$ cat run_8.csv   # CSV, C-alpha atoms and all ligand atoms
chain,number,residue,atom,x,y,z
A,1,MET,CA,102.8,28.6,27.4
A,2,THR,CA,104.7,31.9,26.8
A,3,ASP,CA,106.7,29.8,24.2
A,4,SER,CA,103.6,29.1,22.1
A,5,LEU,CA,102.4,32.7,22.5
A,6,SER,CA,105.7,34.2,21.5
A,7,TYR,CA,105.6,31.9,18.5
A,8,ALA,CA,102.2,33.2,17.6
A,9,ARG,CA,103.5,36.8,18.0
A,10,ARG,CA,106.4,36.0,15.7
A,11,LEU,CA,103.8,34.9,13.2
A,12,MET,CA,101.9,38.1,13.6
A,13,SER,CA,105.0,40.3,13.0
A,14,GLN,CA,105.6,38.3,9.9
A,15,LEU,CA,102.0,39.0,8.9
A,16,ARG,CA,102.5,42.7,9.3
A,17,GLU,CA,105.6,42.6,7.1
A,18,ASN,CA,103.8,40.8,4.3
A,19,GLN,CA,100.7,42.8,4.5
A,20,PRO,CA,101.4,46.4,5.3
A,21,THR,CA,97.7,47.2,5.3
A,22,PHE,CA,97.4,45.1,8.4
A,23,SER,CA,98.4,48.0,10.5
A,24,GLU,CA,96.6,47.2,13.8
A,25,LEU,CA,98.7,45.1,16.1
A,26,LEU,CA,96.8,42.0,17.2
A,27,HIS,CA,97.2,41.9,20.9
A,28,MET,CA,97.1,38.2,22.1
A,29,GLN,CA,96.7,36.8,25.6
A,30,LEU,CA,96.2,33.1,26.3
A,31,GLU,CA,96.5,32.5,30.0
A,32,SER,CA,94.5,32.2,33.2
A,33,GLY,CA,92.9,35.5,34.2
A,34,ALA,CA,93.3,37.1,30.7
A,35,LEU,CA,89.8,38.5,31.0
A,36,ASP,CA,90.9,40.7,33.9
A,37,ASP,CA,93.3,42.6,31.6
A,38,ILE,CA,90.6,43.8,29.2
A,39,PRO,CA,89.6,47.0,31.1
A,40,ALA,CA,93.2,48.2,31.1
A,41,PHE,CA,93.6,47.4,27.4
A,42,LEU,CA,90.4,49.4,26.6
A,43,LYS,CA,91.7,52.3,28.6
A,44,ARG,CA,95.1,52.3,26.8
A,45,ARG,CA,93.4,52.3,23.5
A,46,SER,CA,90.8,54.9,24.6
A,47,LEU,CA,87.9,52.5,23.8
A,48,SER,CA,85.0,53.3,26.1
A,49,SER,CA,81.4,52.3,25.8
A,50,PRO,CA,82.1,48.9,24.4
A,51,ILE,CA,79.3,46.5,23.4
A,52,ILE,CA,79.5,43.0,24.9
A,53,VAL,CA,78.1,40.6,22.3
A,54,ALA,CA,77.1,37.1,23.7
A,55,ASP,CA,74.4,34.5,23.8
A,56,ALA,CA,72.7,33.4,27.0
A,57,ASN,CA,75.2,30.6,27.6
A,58,THR,CA,78.4,32.6,26.9
A,59,PHE,CA,77.1,35.5,28.9
A,60,GLU,CA,76.9,33.3,31.9
A,61,ALA,CA,80.3,31.7,31.2
A,62,ALA,CA,82.2,34.9,30.8
A,63,GLY,CA,80.1,37.9,29.8
A,64,THR,CA,78.6,38.7,33.2
A,65,ARG,CA,82.1,38.8,34.8
A,66,LEU,CA,83.5,41.0,32.0
A,67,MET,CA,80.4,43.3,32.3
A,68,ASP,CA,81.0,43.8,36.0
A,69,ALA,CA,84.7,44.5,35.5
A,70,LEU,CA,84.0,47.1,32.8
A,71,VAL,CA,81.3,48.8,34.9
A,72,ASP,CA,83.7,48.9,37.9
A,73,GLU,CA,86.3,50.6,35.7
A,74,GLY,CA,83.8,53.2,34.6
A,75,LEU,CA,83.9,52.1,30.9
A,76,GLU,CA,80.1,52.2,30.6
A,77,PRO,CA,79.6,48.9,28.7
A,78,ASN,CA,76.4,48.0,26.8
A,79,LEU,CA,75.2,44.5,26.4
A,80,CYS,CA,73.7,42.7,23.4
A,81,ILE,CA,72.5,39.1,24.0
A,82,ILE,CA,71.9,37.6,20.6
A,83,GLN,CA,68.6,35.8,20.6
A,84,PRO,CA,68.3,32.2,19.2
A,85,ASP,CA,65.9,31.5,16.4
A,86,THR,CA,62.7,29.5,16.9
A,87,ILE,CA,64.4,26.2,17.1
A,88,GLY,CA,67.1,27.4,19.5
A,89,ASN,CA,70.0,28.0,17.1
A,90,VAL,CA,72.0,31.2,17.5
A,91,VAL,CA,72.7,32.0,13.8
A,92,ALA,CA,74.9,34.6,12.0
A,93,ASP,CA,72.0,35.9,9.9
A,94,ALA,CA,70.3,39.2,9.1
A,95,GLU,CA,68.2,39.2,12.3
A,96,SER,CA,71.2,38.7,14.6
A,97,ILE,CA,73.3,41.3,12.7
A,98,LEU,CA,70.4,43.8,12.8
A,99,GLN,CA,69.9,43.1,16.5
A,100,LEU,CA,73.5,44.1,17.1
A,101,LEU,CA,73.7,47.0,14.7
A,102,ILE,CA,70.7,48.6,16.5
A,103,GLU,CA,72.9,48.8,19.6
A,104,VAL,CA,75.8,50.4,17.9
A,105,LYS,CA,75.9,54.2,18.5
A,106,PRO,CA,78.1,55.8,15.8
A,107,GLU,CA,79.3,58.6,18.1
A,108,ARG,CA,79.6,56.7,21.3
A,109,THR,CA,80.4,53.0,20.8
A,110,GLY,CA,84.2,52.4,21.2
A,111,CYS,CA,84.4,48.8,20.1
A,112,LEU,CA,82.5,45.5,20.0
A,113,ILE,CA,83.6,42.6,22.2
A,114,ALA,CA,82.6,39.1,21.0
A,115,VAL,CA,82.2,36.9,24.0
A,116,GLY,CA,81.5,33.4,22.9
A,117,SER,CA,81.6,30.9,20.1
A,118,GLY,CA,82.5,31.1,16.4
A,119,THR,CA,78.9,32.2,15.5
A,120,ILE,CA,79.0,35.1,18.0
A,121,HIS,CA,82.3,36.1,16.5
A,122,ASP,CA,80.9,36.0,12.9
A,123,ILE,CA,78.0,38.3,13.9
A,124,THR,CA,80.3,40.6,15.7
A,125,ARG,CA,83.1,40.8,13.1
A,126,PHE,CA,80.6,41.6,10.4
A,127,ALA,CA,78.8,44.3,12.4
A,128,ALA,CA,82.1,45.8,13.5
A,129,HIS,CA,83.5,45.9,10.0
A,130,ARG,CA,80.3,47.5,8.5
A,131,SER,CA,80.0,50.1,11.3
A,132,GLY,CA,83.7,50.9,11.3
A,133,LYS,CA,84.3,49.8,14.9
A,134,PRO,CA,87.2,47.7,16.1
A,135,PHE,CA,86.4,44.3,17.6
A,136,ILE,CA,87.9,42.2,20.3
A,137,SER,CA,87.7,38.4,20.6
A,138,VAL,CA,87.0,36.7,23.8
A,139,PRO,CA,86.5,33.0,23.0
A,140,THR,CA,84.6,31.0,25.7
A,141,ALA,CA,85.5,27.6,24.2
A,142,PRO,CA,88.3,26.2,22.1
A,143,SER,CA,85.8,25.1,19.4
A,144,VAL,CA,86.9,26.5,16.0
A,145,ASP,CA,90.0,28.0,14.3
A,146,GLY,CA,88.1,31.1,13.1
A,147,PHE,CA,88.4,33.5,16.0
A,148,THR,CA,91.1,35.6,14.3
A,149,SER,CA,89.6,35.2,10.8
A,150,ALA,CA,88.9,38.3,8.6
A,151,GLY,CA,86.0,36.6,6.8
A,152,ALA,CA,82.5,36.2,8.2
A,153,PRO,CA,80.2,33.4,7.0
A,154,ILE,CA,76.7,34.8,7.1
A,155,VAL,CA,73.4,33.2,6.3
A,156,VAL,CA,71.5,35.4,3.7
A,157,ARG,CA,68.0,34.3,2.8
A,158,GLY,CA,68.8,30.7,3.8
A,159,VAL,CA,72.2,30.5,2.0
A,160,LYS,CA,75.5,30.8,3.8
A,161,GLU,CA,78.1,33.0,2.2
A,162,THR,CA,81.5,34.3,3.4
A,163,PHE,CA,81.9,38.1,3.4
A,164,GLN,CA,84.9,40.3,4.0
A,165,ALA,CA,84.9,41.6,7.6
A,166,SER,CA,87.7,42.5,10.0
A,167,ALA,CA,90.1,40.5,12.1
A,168,PRO,CA,90.1,41.3,15.8
A,169,ILE,CA,92.5,44.0,17.2
A,170,ALA,CA,92.9,41.8,20.3
A,171,LEU,CA,92.2,38.3,21.5
A,172,PHE,CA,91.8,37.5,25.2
A,173,ALA,CA,91.6,33.7,25.7
A,174,ASP,CA,91.2,33.1,29.4
A,175,LEU,CA,92.2,29.5,30.4
A,176,ASP,CA,90.1,29.6,33.5
A,177,ILE,CA,87.0,30.0,31.3
A,178,LEU,CA,88.2,27.7,28.5
A,179,VAL,CA,88.8,24.7,30.8
A,180,LYS,CA,85.1,24.9,31.9
A,181,ALA,CA,83.8,24.7,28.3
A,182,PRO,CA,81.5,21.7,27.6
A,183,GLN,CA,83.4,18.6,26.3
A,184,LEU,CA,81.4,18.6,23.0
A,185,LEU,CA,82.7,22.1,22.2
A,186,VAL,CA,86.3,21.1,23.1
A,187,ALA,CA,85.9,17.9,20.9
A,188,ALA,CA,84.6,20.1,18.1
A,189,GLY,CA,87.7,22.3,18.3
A,190,PHE,CA,89.8,19.1,18.1
A,191,GLY,CA,87.7,18.0,15.1
A,192,ASP,CA,88.3,21.3,13.3
A,193,MET,CA,92.1,20.7,13.8
A,194,LEU,CA,91.9,17.0,12.7
A,195,GLY,CA,90.3,18.2,9.5
A,196,LYS,CA,93.8,19.7,8.6
A,197,TYR,CA,94.9,16.2,7.6
A,198,THR,CA,92.7,16.3,4.5
A,199,SER,CA,92.7,20.1,4.0
A,200,LEU,CA,96.5,20.1,3.7
A,201,LEU,CA,96.4,17.1,1.3
A,202,ASP,CA,93.8,18.8,-0.8
A,203,TRP,CA,95.8,22.0,-0.8
A,204,ARG,CA,99.0,20.2,-2.0
A,205,PHE,CA,97.0,18.4,-4.6
A,206,SER,CA,95.3,21.5,-5.9
A,207,SER,CA,98.7,23.3,-6.2
A,208,HIS,CA,100.1,20.4,-8.2
A,209,THR,CA,97.1,19.8,-10.5
A,210,ALA,CA,95.5,23.3,-10.8
A,211,ARG,CA,98.4,25.5,-9.9
A,212,GLU,CA,96.5,27.0,-7.0
A,213,PRO,CA,98.8,29.2,-4.8
A,214,TYR,CA,100.7,27.3,-2.2
A,215,ASP,CA,103.0,28.3,0.7
A,216,GLU,CA,105.3,25.8,2.3
A,217,GLN,CA,105.8,27.9,5.4
A,218,VAL,CA,102.1,28.4,6.0
A,219,ALA,CA,101.5,24.7,5.4
A,220,GLY,CA,104.2,24.0,8.0
A,221,ILE,CA,102.5,26.1,10.6
A,222,THR,CA,99.2,24.3,10.1
A,223,GLN,CA,100.8,20.9,10.1
A,224,ARG,CA,102.7,21.5,13.4
A,225,ALA,CA,99.5,22.9,15.0
A,226,LEU,CA,97.7,19.7,13.9
A,227,GLU,CA,100.5,17.4,15.2
A,228,SER,CA,100.6,19.0,18.6
A,229,CYS,CA,96.8,18.4,19.0
A,230,VAL,CA,97.1,14.8,18.0
A,231,GLN,CA,100.0,14.2,20.4
A,232,HIS,CA,98.0,15.6,23.3
A,233,VAL,CA,94.6,14.2,22.5
A,234,GLU,CA,94.4,12.5,25.9
A,235,ASP,CA,94.9,15.8,27.7
A,236,ILE,CA,92.4,17.4,25.4
A,237,GLY,CA,89.9,14.6,26.1
A,238,LYS,CA,90.3,15.1,29.8
A,239,ARG,CA,90.2,18.9,29.5
A,240,THR,CA,93.4,19.4,31.5
A,241,GLU,CA,94.8,22.9,31.5
A,242,THR,CA,97.7,21.7,29.3
A,243,GLY,CA,95.3,20.0,26.8
A,244,ILE,CA,93.1,23.1,26.5
A,245,GLN,CA,96.0,25.4,26.2
A,246,ILE,CA,97.6,23.3,23.4
A,247,LEU,CA,94.3,23.0,21.6
A,248,MET,CA,93.6,26.8,21.8
A,249,THR,CA,97.1,27.6,20.7
A,250,ALA,CA,96.7,25.3,17.7
A,251,LEU,CA,93.4,26.9,16.7
A,252,ILE,CA,94.9,30.4,17.0
A,253,GLU,CA,97.9,29.3,14.9
A,254,SER,CA,95.7,27.7,12.2
A,255,GLY,CA,93.7,31.0,12.1
A,256,ILE,CA,96.9,33.0,11.8
A,257,ALA,CA,98.1,30.7,9.0
A,258,MET,CA,94.9,31.6,7.0
A,259,LEU,CA,95.5,35.3,7.7
A,260,LEU,CA,99.2,35.0,6.6
A,261,PHE,CA,98.1,33.2,3.4
A,262,GLY,CA,95.1,35.5,2.8
A,263,GLN,CA,92.8,32.6,1.9
A,264,SER,CA,91.4,29.5,3.6
A,265,HIS,CA,93.3,26.9,1.7
A,266,PRO,CA,95.6,25.8,4.6
A,267,ALA,CA,92.6,25.0,6.9
A,268,SER,CA,89.8,24.0,4.6
A,269,GLY,CA,89.5,21.3,1.9
A,270,ALA,CA,86.9,18.7,0.9
A,271,GLU,CA,86.1,18.0,4.6
A,272,HIS,CA,85.0,21.6,5.0
A,273,HIS,CA,83.0,21.5,1.8
A,274,LEU,CA,81.1,18.4,3.1
A,275,SER,CA,80.5,20.2,6.4
A,276,HIS,CA,79.2,23.3,4.6
A,277,TYR,CA,76.9,21.1,2.5
A,278,TRP,CA,75.4,19.3,5.6
A,279,GLU,CA,75.0,22.7,7.3
A,280,MET,CA,73.0,24.1,4.4
A,281,ALA,CA,70.8,21.0,4.3
A,282,TYR,CA,70.1,21.3,8.0
A,283,LEU,CA,69.3,25.0,7.6
A,284,GLN,CA,66.9,24.3,4.7
A,285,LYS,CA,65.1,21.6,6.7
A,286,GLY,CA,64.9,23.7,9.8
A,287,ARG,CA,66.9,21.2,11.8
A,288,LYS,CA,69.0,22.1,14.8
A,289,ALA,CA,72.5,22.9,13.7
A,290,LEU,CA,75.5,20.6,14.4
A,291,LEU,CA,78.8,21.9,15.7
A,292,HIS,CA,81.1,23.0,12.9
A,293,GLY,CA,84.1,21.1,14.2
A,294,ALA,CA,82.1,18.0,15.0
A,295,LYS,CA,81.1,17.9,11.3
A,296,VAL,CA,84.6,18.6,10.1
A,297,GLY,CA,86.2,15.9,12.1
A,298,VAL,CA,83.8,13.2,10.9
A,299,ALA,CA,83.9,14.5,7.4
A,300,SER,CA,87.7,14.4,7.4
A,301,SER,CA,87.7,10.7,8.5
A,302,GLU,CA,85.2,9.9,5.7
A,303,ILE,CA,87.2,11.8,3.1
A,304,SER,CA,90.3,10.0,4.2
A,305,GLN,CA,88.7,6.7,3.5
A,306,LEU,CA,87.5,7.9,0.1
A,307,TYR,CA,90.9,9.1,-0.9
A,308,HIS,CA,92.7,6.0,0.4
A,309,ASP,CA,90.2,3.8,-1.5
A,310,ALA,CA,90.6,5.8,-4.7
A,311,ALA,CA,94.4,5.6,-4.5
A,312,GLU,CA,94.2,1.9,-4.0
A,313,ARG,CA,92.2,1.5,-7.2
A,314,GLY,CA,94.6,3.9,-9.0
A,315,GLU,CA,91.8,6.3,-9.8
A,316,TYR,CA,93.5,9.6,-9.3
A,317,PRO,CA,93.3,11.9,-12.2
A,318,TYR,CA,96.5,13.3,-13.6
A,319,ALA,CA,96.7,16.8,-14.8
A,320,GLU,CA,99.7,16.4,-17.0
A,321,PRO,CA,99.9,12.9,-18.5
A,322,GLN,CA,103.6,13.0,-19.1
A,323,ASP,CA,104.3,13.3,-15.4
A,324,TRP,CA,101.6,10.9,-14.2
A,325,LYS,CA,104.0,8.4,-12.6
A,326,GLN,CA,105.8,11.0,-10.6
A,327,HIS,CA,102.5,12.7,-9.7
A,328,ARG,CA,100.9,9.4,-8.6
A,329,GLN,CA,103.9,8.7,-6.3
A,330,GLN,CA,103.7,12.2,-4.9
A,331,VAL,CA,100.0,11.9,-4.1
A,332,GLN,CA,100.6,8.5,-2.5
A,333,GLU,CA,103.4,9.9,-0.3
A,334,TRP,CA,101.1,12.7,0.9
A,335,LEU,CA,98.3,10.3,1.5
A,336,ARG,CA,100.5,8.1,3.7
A,337,GLN,CA,100.5,11.0,6.2
A,338,VAL,CA,96.7,10.9,6.4
A,339,PRO,CA,95.5,8.4,9.0
A,340,SER,CA,92.8,5.9,8.1
A,341,ARG,CA,89.1,6.5,8.9
A,342,GLU,CA,89.4,4.1,11.9
A,343,ALA,CA,92.5,5.9,13.3
A,344,MET,CA,90.7,9.3,12.9
A,345,ALA,CA,87.5,8.0,14.5
A,346,SER,CA,89.6,6.7,17.5
A,347,LEU,CA,91.2,10.1,17.9
A,348,LEU,CA,87.8,11.8,17.8
A,349,ARG,CA,86.4,9.4,20.4
A,350,GLN,CA,89.4,10.1,22.6
A,351,ALA,CA,88.7,13.8,22.4
A,352,GLY,CA,85.1,13.1,23.6
A,353,GLY,CA,83.1,13.9,20.5
A,354,PRO,CA,81.2,12.1,17.7
A,355,ALA,CA,83.4,9.7,15.9
A,356,ASN,CA,81.3,8.7,12.8
A,357,LEU,CA,78.3,9.6,10.8
A,358,ARG,CA,76.0,7.7,13.1
A,359,ASP,CA,77.2,9.5,16.2
A,360,LEU,CA,76.9,12.8,14.4
A,361,GLY,CA,73.4,12.0,13.1
A,362,VAL,CA,74.1,12.7,9.4
A,363,ASP,CA,72.2,10.0,7.4
A,364,GLU,CA,73.6,8.0,4.5
A,365,GLU,CA,71.5,9.7,1.9
A,366,LEU,CA,72.7,13.2,2.8
A,367,PHE,CA,76.3,11.9,3.0
A,368,ALA,CA,76.1,10.2,-0.5
A,369,GLN,CA,74.6,13.4,-1.9
A,370,SER,CA,77.3,15.6,-0.4
A,371,LEU,CA,80.1,13.3,-1.9
A,372,ARG,CA,78.6,14.0,-5.3
A,373,GLU,CA,77.8,17.7,-4.9
A,374,ALA,CA,79.7,19.4,-2.1
A,375,HIS,CA,82.8,20.1,-4.2
A,376,ALA,CA,80.8,22.5,-6.3
A,377,LEU,CA,80.3,24.8,-3.3
A,378,ARG,CA,83.8,26.2,-3.6
A,379,ASN,CA,86.1,26.9,-6.6
A,380,ARG,CA,88.9,24.6,-5.4
A,381,HIS,CA,90.5,21.7,-7.1
A,382,THR,CA,90.3,19.2,-4.3
A,383,ILE,CA,90.8,15.5,-4.8
A,384,LEU,CA,87.0,15.2,-4.2
A,385,LYS,CA,86.4,17.6,-7.1
A,386,ALA,CA,88.9,15.7,-9.3
A,387,LEU,CA,87.2,12.4,-8.5
A,388,ASN,CA,83.8,13.8,-9.4
A,389,GLU,CA,84.8,15.7,-12.5
A,390,ASP,CA,88.0,14.5,-14.1
A,391,ASN,CA,87.3,10.7,-14.1
A,392,HIS,CA,84.8,9.9,-16.7
B,401,ZN,ZN,86.8,24.9,10.3
$ encode --input "run_8.csv" --output "structure tokens"
Amino acid sequence: MTDSLSYARRLMSQLRENQPTFSELLHMQLESGALDDIPAFLKRRSLSSPIIVADANTFEAAGTRLMDALVDEGLEPNLCIIQPDTIGNVVADAESILQLLIEVKPERTGCLIAVGSGTIHDITRFAAHRSGKPFISVPTAPSVDGFTSAGAPIVVRGVKETFQASAPIALFADLDILVKAPQLLVAAGFGDMLGKYTSLLDWRFSSHTAREPYDEQVAGITQRALESCVQHVEDIGKRTETGIQILMTALIESGIAMLLFGQSHPASGAEHHLSHYWEMAYLQKGRKALLHGAKVGVASSEISQLYHDAAERGEYPYAEPQDWKQHRQQVQEWLRQVPSREAMASLLRQAGGPANLRDLGVDEELFAQSLREAHALRNRHTILKALNEDNH
């Protein structure tokens, strides 16, 4: 375990060298009992009167214990339980952000502590950034790779957009809490990682065909994180301590790869664009949200099928016709590293999550629509975009 942590720390020191503006040192702990070290950390940094941000579930899973520990140490914590909307979704939207900002006291609040899921983190990182307070990450489930992200996807008047916010100054991932996370959240984290098969392929493709920036070292970090999850899918499916630790490490590494690169390319390709498209459709119809990683995992398996089929038919577009033969070979070589839809579905099933569109509940009509339109959500030259726009 310390091996993987020291690896993550090495990455962080590299991040500071590349980006001198990243002056705050990200303190990271991934181990049993990590939660108990938070009061001492706050005292060392002179951060009293923190606000614990949680929802009802994550408060029960970890917030109440942290609250007690902070009270015992005289740190005078405040609590903000983010309320769900009328259909039971906890959403990173204007109402949730306002609910939190009302609790922030400019003179008194030392920091904000996100205790919970990716959504709780997005609400907290945005409010922390805009109120000029540091924020601390306490994930309660290994469910997404965005805990250390600097961008916050926020729903503004029904449309989700990503805004600049801040990365946490510290991350306390307590294995005792993470192993008790519901299986569907664990499987979602695995799905978010499985999505790297297609995000890495799209990234390489876009750097070749549209000269989008690319970094081999960053791609390597993400690739290795993905492979370690796939190798340990059985442990992850059984939620053993090893499995959960490997998954959480991979999610943190994927998040750090994005921080290193400064953009989401390593971790987000066409599979994420489909997921965002479905998410917006659900929002607009007032349907209960699906887990991000659950959507990404299934979307990635479908995108894999689409890409393999297109390659078989020789349909890939070629940016520079004189190199088309070489380019075609290169894309096929990358594509060989992406498992088939069936292989990915089987991995998703082993992790204990939805394995296909039917399991997930996304209907054929929405799926077909997203294949035609989702690429337009982001300005990225993915293979999905090329298939839609370049092949007339
Ligand atoms: Zn993701």
$ residues_near_ligand --input "run_8.csv" --ligand "ligand ZN 401 (chain B)" --cutoff "9 Å" --atoms "all atoms listed in the file" --output "list of chain:residue names"
A:Val144, A:Asp145, A:Gly146, A:Gly189, A:Gly191, A:Asp192, A:Met193, A:Gly195, A:Lys196, A:Ala267, A:Ser268, A:Glu271, A:His272, A:Ser275, A:His292, A:Gly293, A:Val296
$ residues_around --input "run_8.csv" --residues "A:Ala374" --least-positions-apart "5" --cutoff "7 Å" --atoms "only C-alpha atoms" --output "PyMOL selection string"
chain A and resi 273-274+277
$ residues_near_point --input "run_8.csv" --point "(73.0, 46.7, 15.3)" --cutoff "12 Å" --atoms "all atoms listed in the file" --output "PyMOL selection string"
chain A and resi 51+53+79-82+94-106+109+112+123-131+133
$ atom_distance --input "run_8.csv" --atom1 "atom CA of A:Gly255" --atom2 "atom CA of A:Thr64"
27.1 Å
$ closest_atom_pairs --input "run_8.csv" --of "stretch 240-320 of chain A" --to "stretch 207-221 of chain A" --cutoff "12 Å" --atoms "only C-alpha atoms" --output "tab-separated table"
residue	atom	partner	partner_atom	distance
A:Thr249	CA	A:Ile221	CA	11.6
A:Ala250	CA	A:Ile221	CA	9.2
A:Leu251	CA	A:Ile221	CA	11.0
A:Ile252	CA	A:Ile221	CA	10.8
A:Glu253	CA	A:Ile221	CA	7.1
A:Ser254	CA	A:Ile221	CA	7.2
A:Gly255	CA	A:Ile221	CA	10.2
A:Ile256	CA	A:Ile221	CA	9.0
A:Ala257	CA	A:Val218	CA	5.5
A:Met258	CA	A:Val218	CA	7.9
A:Leu259	CA	A:Val218	CA	9.7
A:Leu260	CA	A:Val218	CA	7.2
A:Phe261	CA	A:Val218	CA	6.8
A:Gly262	CA	A:Val218	CA	10.5
A:Gln263	CA	A:Pro213	CA	9.6
A:Ser264	CA	A:Val218	CA	11.0
A:His265	CA	A:Tyr214	CA	8.4
A:Pro266	CA	A:Ala219	CA	6.1
A:Ala267	CA	A:Ala219	CA	9.0
A:Ser268	CA	A:Ala219	CA	11.7
A:Tyr316	CA	A:Thr209	CA	10.9
A:Pro317	CA	A:Thr209	CA	8.9
A:Tyr318	CA	A:Thr209	CA	7.2
A:Ala319	CA	A:Thr209	CA	5.3
A:Glu320	CA	A:Thr209	CA	7.8
$ atom_distance --input "run_8.csv" --atom1 "atom CA of A:Gly286" --atom2 "atom CA of A:Gly88"
10.6 Å
$ closest_residue --input "run_8.csv" --among "A:Pro84, A:Gly158, A:Pro50, A:Pro142" --to "A:Gly116" --atoms "only C-alpha atoms"
A:Pro142
$ atom_distance --input "run_8.csv" --atom1 "atom CA of A:Thr242" --atom2 "atom CA of A:Ser304"
28.7 Å
$ closest_residue --input "run_8.csv" --among "A:Gly269, A:Gly151, A:Pro168, A:Gly237" --to "A:Ile383" --atoms "all atoms listed in the file"
A:Gly269
$ closest_residue --input "run_8.csv" --among "A:Ala376, A:Ile113, A:Leu306, A:Leu348" --to "A:Leu35" --atoms "all atoms listed in the file"
A:Ile113
